[in-house]
Each structure stands twice: as C-alpha cells, then as structure tokens.
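Here's input.csv, which has CSV, C-alpha atoms and all ligand atoms:
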chain,number,residue,atom,x,y,z
A,1,MET,CA,39.4,-6.0,25.1
A,2,SER,CA,38.7,-7.5,21.7
A,3,LYS,CA,35.1,-8.0,20.5
A,4,ILE,CA,34.0,-11.5,19.4
A,5,ILE,CA,32.3,-12.3,16.1
A,6,VAL,CA,30.9,-15.8,15.9
A,7,VAL,CA,30.7,-17.0,12.3
A,8,THR,CA,28.6,-20.0,11.4
A,9,GLY,CA,29.5,-21.7,8.1
A,10,ILE,CA,33.1,-20.6,8.5
A,11,THR,CA,34.2,-23.4,6.2
A,12,GLY,CA,31.8,-22.3,3.5
A,13,ALA,CA,31.5,-19.5,1.0
A,14,GLN,CA,29.6,-16.9,3.0
A,15,GLY,CA,31.1,-17.6,6.4
A,16,GLY,CA,34.5,-17.8,4.9
A,17,SER,CA,34.2,-14.3,3.5
A,18,VAL,CA,33.0,-13.0,6.8
A,19,GLY,CA,35.9,-14.7,8.6
A,20,SER,CA,38.5,-13.2,6.2
A,21,THR,CA,37.0,-9.7,6.6
A,22,TYR,CA,37.0,-9.8,10.4
A,23,LEU,CA,40.4,-11.5,10.8
A,24,GLU,CA,41.9,-8.3,9.3
A,25,LEU,CA,40.1,-6.0,11.6
A,26,PRO,CA,41.9,-4.8,14.7
A,27,GLY,CA,40.0,-5.2,17.9
A,28,TRP,CA,38.1,-8.3,16.7
A,29,LYS,CA,38.5,-12.0,17.5
A,30,VAL,CA,36.9,-14.5,15.1
A,31,ARG,CA,35.3,-17.7,16.4
A,32,GLY,CA,34.2,-20.1,13.6
A,33,VAL,CA,31.6,-22.8,14.0
A,34,THR,CA,31.9,-26.2,12.2
A,35,ARG,CA,30.5,-29.6,12.7
A,36,ASN,CA,34.0,-31.1,12.2
A,37,SER,CA,36.9,-29.2,13.7
A,38,SER,CA,39.4,-31.7,12.2
A,39,SER,CA,38.5,-31.0,8.6
A,40,ASN,CA,41.2,-29.5,6.4
A,41,LYS,CA,39.2,-26.2,6.0
A,42,ALA,CA,38.7,-25.9,9.8
A,43,LYS,CA,42.4,-26.5,10.4
A,44,GLU,CA,43.3,-23.8,7.8
A,45,TRP,CA,41.1,-21.3,9.7
A,46,ALA,CA,42.7,-22.3,13.0
A,47,GLU,CA,46.2,-21.7,11.5
A,48,LYS,CA,45.1,-18.2,10.5
A,49,GLY,CA,44.0,-17.4,14.0
A,50,VAL,CA,40.3,-18.3,14.1
A,51,GLU,CA,39.1,-20.0,17.3
A,52,ILE,CA,37.4,-23.1,15.9
A,53,VAL,CA,34.5,-24.5,17.9
A,54,THR,CA,32.4,-27.5,17.2
A,55,GLY,CA,28.7,-26.8,16.8
A,56,ASP,CA,25.8,-28.3,14.8
A,57,LEU,CA,22.7,-26.2,13.9
A,58,ASN,CA,20.6,-29.2,14.5
A,59,ASP,CA,21.8,-29.3,18.2
A,60,PRO,CA,20.9,-26.1,20.1
A,61,LYS,CA,23.0,-27.2,23.1
A,62,SER,CA,26.2,-27.2,21.0
A,63,LEU,CA,25.4,-23.6,19.9
A,64,GLU,CA,25.1,-22.3,23.5
A,65,THR,CA,28.8,-22.9,24.0
A,66,ALA,CA,29.7,-21.7,20.5
A,67,PHE,CA,27.8,-18.4,21.0
A,68,GLU,CA,29.1,-17.6,24.5
A,69,ASN,CA,30.2,-14.0,25.0
A,70,ALA,CA,29.6,-13.1,21.3
A,71,ASN,CA,29.2,-9.4,20.4
A,72,VAL,CA,28.2,-10.2,16.8
A,73,ILE,CA,26.8,-13.5,15.4
A,74,PHE,CA,26.7,-14.2,11.6
A,75,GLY,CA,24.2,-16.9,10.9
A,76,VAL,CA,23.9,-18.9,7.8
A,77,THR,CA,21.9,-22.1,7.2
A,78,ASP,CA,22.7,-24.3,4.2
A,79,PHE,CA,19.7,-25.8,2.3
A,80,TRP,CA,22.1,-27.7,0.0
A,81,THR,CA,23.9,-29.6,2.7
A,82,ILE,CA,20.6,-31.1,3.8
A,83,PHE,CA,19.6,-31.7,0.1
A,84,GLN,CA,22.9,-33.6,-0.5
A,85,ASP,CA,22.9,-35.6,2.8
A,86,PRO,CA,22.2,-39.2,1.8
A,87,GLU,CA,20.3,-39.7,5.1
A,88,SER,CA,17.7,-37.0,4.1
A,89,GLY,CA,16.1,-39.5,1.7
A,90,SER,CA,15.3,-41.9,4.5
A,91,LYS,CA,14.4,-39.3,7.1
A,92,LYS,CA,11.8,-37.5,5.0
A,93,LYS,CA,8.2,-38.7,5.0
A,94,PRO,CA,7.7,-41.4,2.3
A,95,ASP,CA,5.5,-39.3,0.0
A,96,GLN,CA,7.3,-36.0,0.8
A,97,ASP,CA,9.3,-34.1,-1.8
A,98,ILE,CA,13.0,-33.9,-0.8
A,99,THR,CA,13.0,-30.1,-1.2
A,100,GLU,CA,10.1,-29.8,1.2
A,101,TYR,CA,11.9,-31.9,3.8
A,102,CYS,CA,15.0,-29.7,3.4
A,103,PHE,CA,12.8,-26.6,4.0
A,104,GLU,CA,11.6,-28.1,7.3
A,105,VAL,CA,15.1,-28.9,8.5
A,106,GLU,CA,16.6,-25.6,7.4
A,107,VAL,CA,13.8,-23.7,9.1
A,108,GLN,CA,14.4,-25.6,12.3
A,109,GLN,CA,18.2,-24.9,12.1
A,110,GLY,CA,17.6,-21.2,11.6
A,111,LYS,CA,15.2,-21.1,14.6
A,112,ASN,CA,17.7,-23.1,16.8
A,113,MET,CA,20.4,-20.5,16.0
A,114,ALA,CA,18.1,-17.5,16.6
A,115,ASP,CA,16.7,-18.9,19.8
A,116,VAL,CA,20.1,-19.5,21.2
A,117,ALA,CA,21.4,-16.1,20.0
A,118,SER,CA,18.5,-14.4,21.6
A,119,ARG,CA,19.7,-15.6,25.0
A,120,VAL,CA,23.3,-14.3,24.7
A,121,PRO,CA,23.5,-11.3,27.0
A,122,THR,CA,26.6,-9.8,25.4
A,123,LEU,CA,25.1,-9.8,21.9
A,124,GLU,CA,24.9,-6.5,20.0
A,125,ARG,CA,24.0,-7.7,16.5
A,126,PHE,CA,22.7,-10.9,14.9
A,127,VAL,CA,23.2,-10.8,11.1
A,128,PHE,CA,21.2,-13.6,9.4
A,129,SER,CA,21.7,-14.7,5.8
A,130,SER,CA,18.2,-14.6,4.4
A,131,MET,CA,16.4,-14.6,1.1
A,132,ALA,CA,13.1,-13.1,0.1
A,133,SER,CA,9.8,-14.9,0.7
A,134,ALA,CA,9.1,-16.1,-2.8
A,135,SER,CA,5.5,-17.2,-1.9
A,136,LYS,CA,4.7,-13.8,-0.3
A,137,TRP,CA,6.2,-11.5,-2.9
A,138,SER,CA,4.8,-13.5,-5.8
A,139,ASN,CA,1.3,-13.7,-4.2
A,140,GLY,CA,1.5,-17.5,-4.2
A,141,LYS,CA,2.7,-17.9,-7.8
A,142,PHE,CA,6.0,-19.4,-6.6
A,143,ASN,CA,4.9,-21.3,-3.5
A,144,GLN,CA,7.5,-24.2,-3.7
A,145,LEU,CA,10.7,-22.2,-3.7
A,146,TYR,CA,11.7,-23.9,-0.6
A,147,HIS,CA,15.4,-22.7,-0.3
A,148,MET,CA,14.1,-19.1,-0.4
A,149,ASP,CA,11.0,-19.4,1.8
A,150,SER,CA,12.8,-21.4,4.5
A,151,LYS,CA,15.1,-18.4,5.2
A,152,ALA,CA,12.1,-16.0,5.1
A,153,VAL,CA,10.2,-18.1,7.6
A,154,VAL,CA,13.3,-18.0,9.9
A,155,VAL,CA,13.2,-14.1,9.6
A,156,ASP,CA,9.6,-14.1,10.6
A,157,HIS,CA,10.5,-16.2,13.7
A,158,ILE,CA,13.5,-13.9,14.6
A,159,GLN,CA,11.2,-10.9,14.5
A,160,THR,CA,9.1,-12.4,17.3
A,161,LEU,CA,12.1,-12.9,19.7
A,162,LYS,CA,12.3,-10.3,22.4
A,163,GLY,CA,16.0,-11.0,23.0
A,164,LEU,CA,16.8,-10.0,19.4
A,165,GLU,CA,14.7,-6.9,19.4
A,166,ASP,CA,16.9,-4.0,18.1
A,167,LYS,CA,19.8,-6.5,17.5
A,168,PHE,CA,18.8,-8.1,14.2
A,169,SER,CA,19.5,-7.4,10.6
A,170,GLN,CA,19.4,-9.6,7.5
A,171,ILE,CA,21.6,-9.9,4.5
A,172,GLN,CA,20.6,-11.5,1.2
A,173,ALA,CA,23.3,-13.2,-0.9
A,174,PRO,CA,22.9,-12.8,-4.6
A,175,ILE,CA,23.4,-15.7,-7.0
A,176,TYR,CA,27.1,-16.5,-6.8
A,177,PHE,CA,29.1,-15.9,-10.0
A,178,ASN,CA,30.8,-19.3,-9.5
A,179,LEU,CA,27.4,-21.1,-9.3
A,180,LEU,CA,27.0,-20.3,-13.0
A,181,TRP,CA,29.8,-22.6,-14.1
A,182,GLN,CA,31.1,-24.7,-11.1
A,183,TRP,CA,28.0,-26.5,-10.1
A,184,GLY,CA,27.6,-28.5,-13.4
A,185,LEU,CA,24.5,-26.5,-14.2
A,186,PRO,CA,23.2,-26.1,-17.8
A,187,THR,CA,24.3,-22.4,-17.4
A,188,THR,CA,27.9,-23.6,-17.8
A,189,PRO,CA,29.3,-22.3,-21.1
A,190,LYS,CA,29.6,-25.3,-23.4
A,191,LYS,CA,31.9,-25.4,-26.4
A,192,GLN,CA,30.1,-26.0,-29.8
A,193,ASP,CA,31.5,-27.6,-32.9
A,194,ASP,CA,32.3,-24.2,-34.4
A,195,GLY,CA,34.3,-23.3,-31.3
A,196,SER,CA,31.7,-20.8,-29.9
A,197,TYR,CA,30.2,-21.2,-26.4
A,198,ARG,CA,26.5,-21.7,-25.7
A,199,ILE,CA,24.5,-21.7,-22.4
A,200,HIS,CA,21.1,-23.1,-21.4
A,201,GLY,CA,19.0,-21.1,-18.9
A,202,VAL,CA,15.5,-20.6,-17.9
A,203,GLY,CA,13.3,-17.6,-18.8
A,204,PRO,CA,14.0,-14.7,-21.2
A,205,SER,CA,17.5,-13.9,-22.2
A,206,ASN,CA,17.5,-10.2,-21.4
A,207,ILE,CA,16.2,-9.6,-17.9
A,208,PRO,CA,18.9,-8.7,-15.4
A,209,ILE,CA,19.0,-10.4,-12.0
A,210,PRO,CA,21.5,-10.0,-9.2
A,211,PHE,CA,24.8,-11.9,-9.1
A,212,GLY,CA,28.0,-11.4,-7.1
A,213,ASN,CA,31.4,-12.6,-6.0
A,214,VAL,CA,30.2,-13.8,-2.6
A,215,GLN,CA,33.5,-15.4,-1.6
A,216,GLN,CA,35.3,-12.0,-2.2
A,217,ASP,CA,32.7,-9.4,-1.2
A,218,PHE,CA,30.2,-10.8,1.2
A,219,GLY,CA,32.3,-10.3,4.4
A,220,ARG,CA,32.6,-6.5,3.8
A,221,CYS,CA,28.8,-6.3,3.3
A,222,VAL,CA,28.2,-8.2,6.6
A,223,LYS,CA,30.6,-5.8,8.3
A,224,ALA,CA,28.7,-2.8,7.0
A,225,VAL,CA,25.4,-4.4,8.2
A,226,ALA,CA,26.8,-5.2,11.6
A,227,ASP,CA,28.1,-1.7,12.0
A,228,ALA,CA,24.9,0.0,11.0
A,229,GLN,CA,21.6,0.5,12.9
A,230,PRO,CA,19.6,-2.8,13.3
A,231,GLY,CA,16.6,-3.6,11.2
A,232,LEU,CA,18.5,-3.6,7.8
A,233,ASN,CA,17.6,-5.9,4.9
A,234,PHE,CA,20.7,-5.7,2.7
A,235,LEU,CA,21.0,-7.3,-0.7
A,236,ALA,CA,24.7,-7.9,-1.4
A,237,VAL,CA,24.4,-7.6,-5.2
A,238,GLY,CA,27.6,-7.3,-7.2
A,239,GLU,CA,26.2,-6.9,-10.6
A,240,MET,CA,22.8,-7.3,-12.4
A,241,LEU,CA,23.3,-9.7,-15.3
A,242,SER,CA,20.9,-11.1,-17.9
A,243,TRP,CA,21.8,-14.5,-19.5
A,244,VAL,CA,22.9,-12.6,-22.6
A,245,THR,CA,25.2,-10.2,-20.7
A,246,TYR,CA,26.6,-13.0,-18.6
A,247,LEU,CA,27.6,-15.0,-21.7
A,248,ALA,CA,28.9,-12.0,-23.6
A,249,THR,CA,31.1,-10.9,-20.7
A,250,TRP,CA,32.4,-14.3,-20.2
A,251,CYS,CA,33.1,-15.0,-23.9
A,252,GLU,CA,34.9,-11.6,-24.2
A,253,SER,CA,37.1,-12.2,-21.1
A,254,GLN,CA,38.1,-15.6,-22.5
A,255,GLY,CA,38.6,-14.4,-26.1
A,256,VAL,CA,36.0,-16.9,-27.5
A,257,GLN,CA,32.9,-16.5,-29.7
A,258,VAL,CA,29.3,-16.2,-28.3
A,259,GLY,CA,27.4,-19.3,-29.3
A,260,GLY,CA,24.0,-18.2,-28.1
A,261,TYR,CA,21.4,-18.7,-25.3
A,262,GLU,CA,19.0,-21.6,-25.3
A,263,GLU,CA,15.8,-20.5,-23.5
A,264,HIS,CA,14.0,-23.1,-21.4
A,265,THR,CA,10.7,-23.3,-19.7
A,266,ILE,CA,10.7,-24.5,-16.1
A,267,GLU,CA,9.5,-27.9,-17.3
A,268,SER,CA,12.3,-28.3,-19.9
A,269,PHE,CA,14.9,-27.0,-17.4
A,270,MET,CA,13.7,-29.5,-14.8
A,271,GLU,CA,14.2,-32.3,-17.4
A,272,LEU,CA,17.8,-31.1,-18.0
A,273,LEU,CA,18.4,-30.9,-14.2
A,274,PRO,CA,16.1,-33.3,-12.4
A,275,GLY,CA,15.8,-34.2,-8.7
A,276,GLY,CA,14.9,-30.9,-7.3
A,277,LEU,CA,17.9,-28.7,-8.1
A,278,GLY,CA,16.4,-27.7,-11.5
A,279,ARG,CA,13.2,-26.6,-9.9
A,280,GLU,CA,14.8,-24.7,-7.0
A,281,PHE,CA,17.3,-22.9,-9.2
A,282,GLY,CA,15.0,-22.5,-12.2
A,283,GLU,CA,12.2,-21.0,-10.2
A,284,ASN,CA,14.7,-18.8,-8.3
A,285,VAL,CA,15.7,-17.3,-11.6
A,286,LEU,CA,12.1,-17.0,-12.8
A,287,PHE,CA,11.0,-15.4,-9.5
A,288,ALA,CA,13.9,-12.9,-9.8
A,289,GLN,CA,13.0,-12.1,-13.4
A,290,GLN,CA,9.3,-11.6,-12.7
A,291,PHE,CA,9.2,-10.2,-9.1
A,292,GLY,CA,12.7,-9.1,-8.4
A,293,TYR,CA,15.2,-11.4,-6.5
A,294,ASP,CA,14.4,-9.4,-3.3
A,295,GLY,CA,10.7,-9.4,-4.2
A,296,ARG,CA,11.1,-5.6,-4.9
A,297,ASP,CA,10.8,-5.1,-1.2
A,298,PRO,CA,11.1,-1.3,-0.9
A,299,THR,CA,13.0,-1.6,2.4
A,300,VAL,CA,15.9,-3.4,0.8
A,301,VAL,CA,19.3,-1.6,0.8
A,302,ARG,CA,22.3,-2.2,-1.5
A,303,PRO,CA,26.1,-1.9,-1.3
A,304,GLU,CA,26.3,1.4,-3.1
A,305,GLN,CA,24.3,3.1,-0.4
A,306,PHE,CA,27.2,2.1,2.0
A,307,GLY,CA,30.0,3.1,-0.4
A,308,ILE,CA,31.0,-0.6,-0.9
A,309,ARG,CA,32.7,-1.3,-4.2
A,310,MET,CA,31.7,-4.7,-5.4
A,311,THR,CA,33.5,-7.0,-7.8
A,312,SER,CA,32.1,-6.8,-11.3
A,313,PHE,CA,31.6,-10.0,-13.4
A,314,LYS,CA,34.2,-8.8,-15.9
A,315,GLU,CA,36.8,-8.4,-13.0
A,316,TYR,CA,35.8,-11.8,-11.7
A,317,CYS,CA,36.2,-13.4,-15.1
A,318,GLU,CA,39.6,-11.9,-15.6
A,319,ARG,CA,40.9,-13.5,-12.4
A,320,ALA,CA,39.1,-16.9,-12.3
A,321,ASP,CA,40.6,-20.0,-13.8
A,322,PHE,CA,38.2,-21.4,-16.4
A,323,SER,CA,40.5,-24.0,-17.8
A,324,SER,CA,38.2,-26.8,-16.6
A,325,ILE,CA,35.4,-25.7,-19.0
A,326,LEU,CA,37.4,-24.2,-21.9
B,401,LIG,N1,24.9,-20.5,-4.3
B,401,LIG,C1,24.2,-19.4,-4.4
B,401,LIG,O1,24.2,-18.8,-5.5
B,401,LIG,C2,23.3,-18.8,-3.3
B,401,LIG,C3,22.7,-17.6,-3.5
B,401,LIG,C4,21.9,-17.1,-2.4
B,401,LIG,C5,21.8,-17.9,-1.2
B,401,LIG,N2,22.5,-19.1,-1.1
B,401,LIG,C6,22.3,-19.8,0.1
B,401,LIG,O2,23.5,-19.9,0.8
B,401,LIG,C7,23.5,-21.0,1.7
B,401,LIG,C8,24.8,-21.7,1.7
B,401,LIG,O3,25.8,-20.9,2.1
B,401,LIG,P1,27.3,-21.1,1.6
B,401,LIG,O4,27.3,-21.0,0.1
B,401,LIG,O5,28.2,-20.3,2.4
B,401,LIG,O6,27.5,-22.7,2.0
B,401,LIG,P2,28.7,-23.7,1.6
B,401,LIG,O7,29.8,-22.9,1.0
B,401,LIG,O8,28.2,-24.8,0.8
B,401,LIG,O9,29.1,-24.2,3.0
B,401,LIG,C9,28.1,-24.7,3.9
B,401,LIG,C10,28.5,-24.4,5.3
B,401,LIG,O10,27.4,-24.7,6.2
B,401,LIG,C11,27.9,-25.4,7.3
B,401,LIG,N3,26.9,-26.3,7.8
B,401,LIG,C12,26.1,-27.1,7.0
B,401,LIG,N4,25.3,-27.8,7.8
B,401,LIG,C13,25.6,-27.4,9.1
B,401,LIG,C14,25.0,-27.8,10.4
B,401,LIG,N5,24.1,-28.7,10.5
B,401,LIG,N6,25.6,-27.2,11.5
B,401,LIG,C15,26.6,-26.3,11.4
B,401,LIG,N7,27.1,-25.9,10.2
B,401,LIG,C16,26.6,-26.5,9.1
B,401,LIG,C17,29.2,-26.1,6.8
B,401,LIG,O11,30.1,-26.3,7.8
B,401,LIG,P3,30.8,-27.7,8.2
B,401,LIG,O12,30.6,-28.6,7.0
B,401,LIG,O13,32.2,-27.3,8.4
B,401,LIG,O14,30.1,-28.1,9.4
B,401,LIG,C18,29.7,-25.1,5.8
B,401,LIG,O15,30.5,-24.2,6.4
B,401,LIG,C19,22.3,-21.9,1.2
B,401,LIG,O16,21.3,-22.0,2.2
B,401,LIG,C20,21.9,-21.3,-0.1
B,401,LIG,O17,20.5,-21.4,-0.3
B,401,LIG,C21,23.2,-19.5,-2.1
Do you think you could lay out the structure here as structure tokens?
Ligand SMILES: NC(=O)c1ccc[n+]([C@@H]2O[C@H](COP(=O)([O-])OP(=O)(O)OC[C@H]3O[C@@H](n4cnc5c(N)ncnc54)[C@H](OP(=O)(O)O)[C@@H]3O)[C@@H](O)[C@H]2O)c1
Amino acid sequence: MSKIIVVTGITGAQGGSVGSTYLELPGWKVRGVTRNSSSNKAKEWAEKGVEIVTGDLNDPKSLETAFENANVIFGVTDFWTIFQDPESGSKKKPDQDITEYCFEVEVQQGKNMADVASRVPTLERFVFSSMASASKWSNGKFNQLYHMDSKAVVVDHIQTLKGLEDKFSQIQAPIYFNLLWQWGLPTTPKKQDDGSYRIHGVGPSNIPIPFGNVQQDFGRCVKAVADAQPGLNFLAVGEMLSWVTYLATWCESQGVQVGGYEEHTIESFMELLPGGLGREFGENVLFAQQFGYDGRDPTVVRPEQFGIRMTSFKEYCERADFSSIL
C-alpha cells in the first residue's frame, strides 16, 4: 500500500517543490492542502495526480481531515500571505506594527498544524519549514525579525508535544534566488545610463549568505530529511553568495557590465522599501551576515552531508528568463 505525504502550501514554492519530488517517487501518494481547491494552481496539481484537499491553517478542524492517515506531513506557514492580506490591517491592534501581528498569526498557524499532526496515529515524520531564532542567536540584537522568530517559536512548541516526540525534523529554506529580482526589491539589477547593472542592498558587499533555487531543490532536501533519523535541523542552502558575487555572476550570465553595489544601512534600506518588508528583509540579511543565517547553530546539517547536489546560482541564471529586467 502506498504511503501518504501531506503537503501544506502545495500551491506555493516550497510545497510545490515537495509535491513534485514525491509525485515521482513510487510507493507514495501526495495529498496537497490549499484554502481554495478551485484555484488554477490547485487544479494543475489535481491533474498531475495530487489529491487536493481544502484546509486552512487558521482552522484546526479542517486540518484534521487533511492530515488523516498521513505517514509524512510537510508543514509550511507563510508570513507574507498574512502580511499582504488587506484584512490584517484592521484585525491587528490599533497601535501594533503589522509585522508583529503577522508574527502572532503565523505562530498560531504553526501551532495549529503541529497540534493536529501530533494526534495523527499513522504519522512517522513531521517536517516543518523553520528559520533560526534571530532574537536568540543574536542575543537580542535582532529582536524584531518577526518572520524568522515566528517559525522558531513554533519549533519550541513542537518540541513540547509528546505526539511528535521522535517524529519531528526541521528544514530551513535559504533566501530564494528569485526573491533577489522578482519581488521588486532594490536588489533587482537596474540598468544604468552606461548600460551596466547596479544593485542596492543592505550591509557589506562581501559577506556570503545562503541562497538557493528553492522551487527546484527544496523537495529533494525534504525527502532526505523525511528519510533520515528525526531531530534534524537541515539548512537547504544552494550557494553562499555575497552581494558582489551575486551581481558578478548575474552580469556574466547575461553578458552585461557590472555597475556596482550601493551599500545601505538598515535605516536607508527601510526608506527604499517602507511598510515592514524593508526591515524584515534587510534585518534578515544583516542577521545572516553578522550571526550566520542559521545562527551558526552547530547542530545544523547541510545538503552536501546527504550527497544532494544543489543548483548553483550560475546554473539558475543560465536557465531563468530575465527579459523583464534587462
Ligand atoms: N522567499 C524567501 O527567500 C524565503 C526564505 C526563507 C523562508 N521563507 C519563508 O517561506 C514561507 C513561504 O513559503 P513559500 O515561499 O512556499 O510560499 P508561497 O510560494 O508564497 O505560497 C504560500 C503558500 O501558503 C499557503 N497558505 C497561505 N496561507 C494559508 C493558510 N491560512 N492555510 C493554508 N495554506 C495557506 C498558500 O496556499 P493557498 O493560497 O493555495 O491556500 C500557498 O501554497 C514564508 O513564511 C517565508 O518567511 C521565504
């Protein structure tokens, strides 16, 4: 009989990668969770053979049906869906920062998912998409990095659940290659009058931090984590890039001249990108540069330890279509 992997976020980047990986594995059935089973993405997955079920991380009852008979559950919460939800502005406390509100909702979503998973008798492995606790590993220096700390708080909760004892591992996504240029961030290479390309970023130009082709590689990493002993904390890094190596690799792949890197402080970066995104992304980069993206947690393991070949940024650049920014 086939085993069942339940994939939350199937219509997104991480869950989509996990779905693609397990669809090709003999002996596995993929069940994907979405809030809207009639969306185009959900229908595409159904056509490929994924059992699509409706579930909302804000509604534990809906997860009980979605998680039934699961052998593996891949759990991901999305800070940015909450951040972009127009209703979040009216649901948060009047004087509350929107990012703090997103933290609270994301923590509750993660706890809902873990609590329900802990009561699934067939479950062998719960793989949760986490991030390092920025406040803990920076000794309080970065104590408002809400989209990181939220996931770490969920991990703390998971580790108290008896039902997930010896069944839990975590996997950290690196910064997605495509975030650099497809989110409209100042890190998008911008053509200068002389034809060269210049980027704006935060912090020094030459400190490497982890990036990766999450859409392509994350699923294989999740499989390695699910197959291994529990208790893993896996960083799915593809390649360590500094701002300078990112720009140089991209320019070379496109046959254009490097126009340089404009270094920002967190304050000037937040002016370029106001509203919360600039602080969350800018501090994420600064935390990674100063304390390591994974907080230099000595227990963290990486793809090369599992023989997983990850896509390099050069390979990614050679295949991606950058015509929208050239
Ligand atoms: N971008 C980066 O560089 C980066 C790096 C590290 C970590 N991360 C983290 O990655 C997470 C996002 O993952 P992603 O990139 O895979 O997301 P994504 O591509 O934006 O997709 C979001 C997914 O979350 C699902 N979802 C959202 N709210 C939901 C809810 N209430 N109930 C059930 N499903 C819900 C959506 O499903 P439906 O819409 O179909 O319901 C969708 O599948 C974020 O928390 C972010 O902090 C991102």
Task: Two-atom distance - CA of Lys162 (chain A), CA of Arg125 (chain A) (Å) - done: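 Going from CA of Lys162 (chain A) over to CA of Arg125 (chain A) covers 13.4 Å.
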Open item on the list: Around ligand LIG 401 (chain B), which protein and nucleic acid residues have at least one atom no more than 6 Å from it, if we count all atoms listed in the file? List them as a list in words.
Closed with: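 Using all atoms listed in the file, I find these residues within 6 Å of ligand LIG 401 (chain B): Gly9, Ile10, Thr11, Gly12, Ala13, Gln14, Gly15, Thr34, Arg35, Asn36, Gly55, Asp56, Leu57, Asn58, Thr77, Asp78, Phe79, Trp80, Thr81, His147, Ala173, Pro174, Ile175, Tyr176 and Leu179 of chain A.
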Open item on the list: Using only C-alpha atoms for the distances, tell me which of A:Cys317, A:Cys102, A:Val127, A:Ala42 is nearest to Ser253 (chain A).
Closed with: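 For Ser253 (chain A), the nearest of the given residues is A:Cys317.
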Task: Cut-off 9 Å around (40.3, -22.3, 13.5) with all atoms listed in the file: residues as a list of chain:residue names - done: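 Here the neighbourhood of the point contains A:Ile10, A:Val30, A:Arg31, A:Gly32, A:Val33, A:Ser37, A:Lys41, A:Ala42, A:Lys43, A:Glu44, A:Trp45, A:Ala46, A:Glu47, A:Lys48, A:Gly49, A:Val50, A:Glu51, A:Ile52, A:Val53.
Selecting by distance to (21.5, -23.1, -25.4) with a limit of 8 Å and using all atoms listed in the file, one obtains Arg198, Ile199, His200, Gly201, Gly260, Tyr261, Glu262 and Glu263 of chain A.
Here CA of Gly27 (chain A) is placed at a distance of 27.3 Å from CA of Ser130 (chain A).
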TODO: Can you work out which one of A:Lys190, A:Lys29, A:Lys136, A:Lys61 has the shortest atom-to-atom distance to Leu247 (chain A), counting all atoms listed in the file?
DONE: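 For Leu247 (chain A), the nearest of the given residues is A:Lys190.
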Task: Interatomic distance (Å, one decimal) between CA of Thr54 (chain A) and CA of Leu232 (chain A) - done: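 Atom-to-atom, CA of Thr54 (chain A) and CA of Leu232 (chain A) are spaced 29.2 Å apart.
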Task: Exercise: Glu252 (chain A) partners within 10 Å, only C-alpha atoms, chain neighbours under 6 positions left out, as a PyMOL selection string - done: chain A and resi 258+314+317-318
- [ ] Tell me which protein, DNA and RNA residues are within 10 Å of Glu68 (chain A), counting all atoms listed in the file, leaving out same-chain ones fewer than 3 positions away, and put them as a PyMOL selection string.
- [x] chain A and resi 4+6+63-65+71+116-117+119-123
At a cut-off of 8 Å, can you tabulate as a tab-separated table every residue of region 171-286 of chain A near region 291-305 of chain A together with its closest atom pair and the distance in Å to one decimal, using only C-alpha atoms and ordering rows by chain then number?
residue	atom	partner	partner_atom	distance
A:Gln172	CA	A:Asp294	CA	7.9
A:Ile209	CA	A:Tyr293	CA	6.8
A:Pro210	CA	A:Tyr293	CA	7.0
A:Cys221	CA	A:Pro303	CA	6.9
A:Leu232	CA	A:Val301	CA	7.3
A:Asn233	CA	A:Val300	CA	5.1
A:Phe234	CA	A:Val301	CA	4.7
A:Leu235	CA	A:Arg302	CA	5.3
A:Ala236	CA	A:Pro303	CA	6.2
A:Val237	CA	A:Arg302	CA	6.9
A:Asn284	CA	A:Tyr293	CA	7.6
A:Val285	CA	A:Tyr293	CA	7.8
- [ ] Write out as a ChimeraX atom specification each polymer residue whose atoms come within 12 Å of Asp166 (chain A), counting all atoms listed in the file; drop sequence neighbours fewer than 3 positions from it.
- [x] /A:118,123-127,158-163,169,226,228-232
Task: Nearby residues (all atoms listed in the file) at most 12 Å from Asp156 (chain A), same-chain spacing under 6 positions excluded, as an NGL selection string - done: :A and (107 or 110-111 or 114 or 128 or 130-133 or 136 or 149-150 or 168-170)
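Considering all atoms listed in the file, the residue among A:Gly16, A:Arg309, A:Phe322, A:Phe287 positioned nearest to Asn143 (chain A) is A:Phe287.
Residue neighbourhood of Leu180 (chain A), excluding near-sequence residues (fewer than 3 positions): A:Ile175, A:Tyr176, A:Phe177, A:Trp183, A:Gly184, A:Leu185, A:Pro186, A:Thr187, A:Thr188, A:Pro189, A:Ile199, A:Gly201, A:Phe211, A:Tyr246, at 10 Å, using only C-alpha atoms.
If all atoms listed in the file are the atoms counted, then among A:Asp85, A:Tyr197, A:Asp97, A:Val154 the closest residue to Asn112 (chain A) is A:Val154.
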Task: A:Ile266, A:Leu241, A:Val225, A:Met1 ranked by distance to Ile207 (chain A), top pick (using all atoms listed in the file) - done: A:Leu241
Please reconstruct the missing atoms of region 304-316 of chain A (target: N, CA and C atoms) and return them as an mmCIF file, in the coordinates of the input.
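Full text of out-v1.cif as output:
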data_model
loop_
_atom_site.group_PDB
_atom_site.id
_atom_site.type_symbol
_atom_site.label_atom_id
_atom_site.label_comp_id
_atom_site.auth_asym_id
_atom_site.auth_seq_id
_atom_site.Cartn_x
_atom_site.Cartn_y
_atom_site.Cartn_z
ATOM 1 N N GLU A 304 25.931 0.027 -2.748
ATOM 2 C CA GLU A 304 26.300 1.400 -3.100
ATOM 3 C C GLU A 304 25.870 2.436 -2.122
ATOM 4 N N GLN A 305 24.794 2.125 -1.394
ATOM 5 C CA GLN A 305 24.300 3.100 -0.400
ATOM 6 C C GLN A 305 25.285 3.136 0.830
ATOM 7 N N PHE A 306 26.195 2.159 0.881
ATOM 8 C CA PHE A 306 27.200 2.100 2.000
ATOM 9 C C PHE A 306 28.598 2.386 1.457
ATOM 10 N N GLY A 307 28.675 2.799 0.196
ATOM 11 C CA GLY A 307 30.000 3.100 -0.400
ATOM 12 C C GLY A 307 30.844 1.835 -0.589
ATOM 13 N N ILE A 308 30.204 0.671 -0.692
ATOM 14 C CA ILE A 308 31.000 -0.600 -0.900
ATOM 15 C C ILE A 308 31.152 -0.857 -2.341
ATOM 16 N N ARG A 309 32.413 -0.989 -2.761
ATOM 17 C CA ARG A 309 32.700 -1.300 -4.200
ATOM 18 C C ARG A 309 32.677 -2.827 -4.334
ATOM 19 N N MET A 310 31.802 -3.303 -5.194
ATOM 20 C CA MET A 310 31.700 -4.700 -5.400
ATOM 21 C C MET A 310 32.408 -5.180 -6.649
ATOM 22 N N THR A 311 32.842 -6.431 -6.668
ATOM 23 C CA THR A 311 33.500 -7.000 -7.800
ATOM 24 C C THR A 311 32.560 -7.135 -8.997
ATOM 25 N N SER A 312 32.954 -6.633 -10.170
ATOM 26 C CA SER A 312 32.100 -6.800 -11.300
ATOM 27 C C SER A 312 32.313 -8.203 -11.921
ATOM 28 N N PHE A 313 31.409 -8.627 -12.778
ATOM 29 C CA PHE A 313 31.600 -10.000 -13.400
ATOM 30 C C PHE A 313 32.789 -9.974 -14.308
ATOM 31 N N LYS A 314 33.051 -8.848 -14.978
ATOM 32 C CA LYS A 314 34.200 -8.800 -15.900
ATOM 33 C C LYS A 314 35.506 -8.968 -15.018
ATOM 34 N N GLU A 315 35.585 -8.290 -13.881
ATOM 35 C CA GLU A 315 36.800 -8.400 -13.000
ATOM 36 C C GLU A 315 36.904 -9.885 -12.535
ATOM 37 N N TYR A 316 35.770 -10.460 -12.154
ATOM 38 C CA TYR A 316 35.800 -11.800 -11.700
ATOM 39 C C TYR A 316 36.299 -12.770 -12.799
#
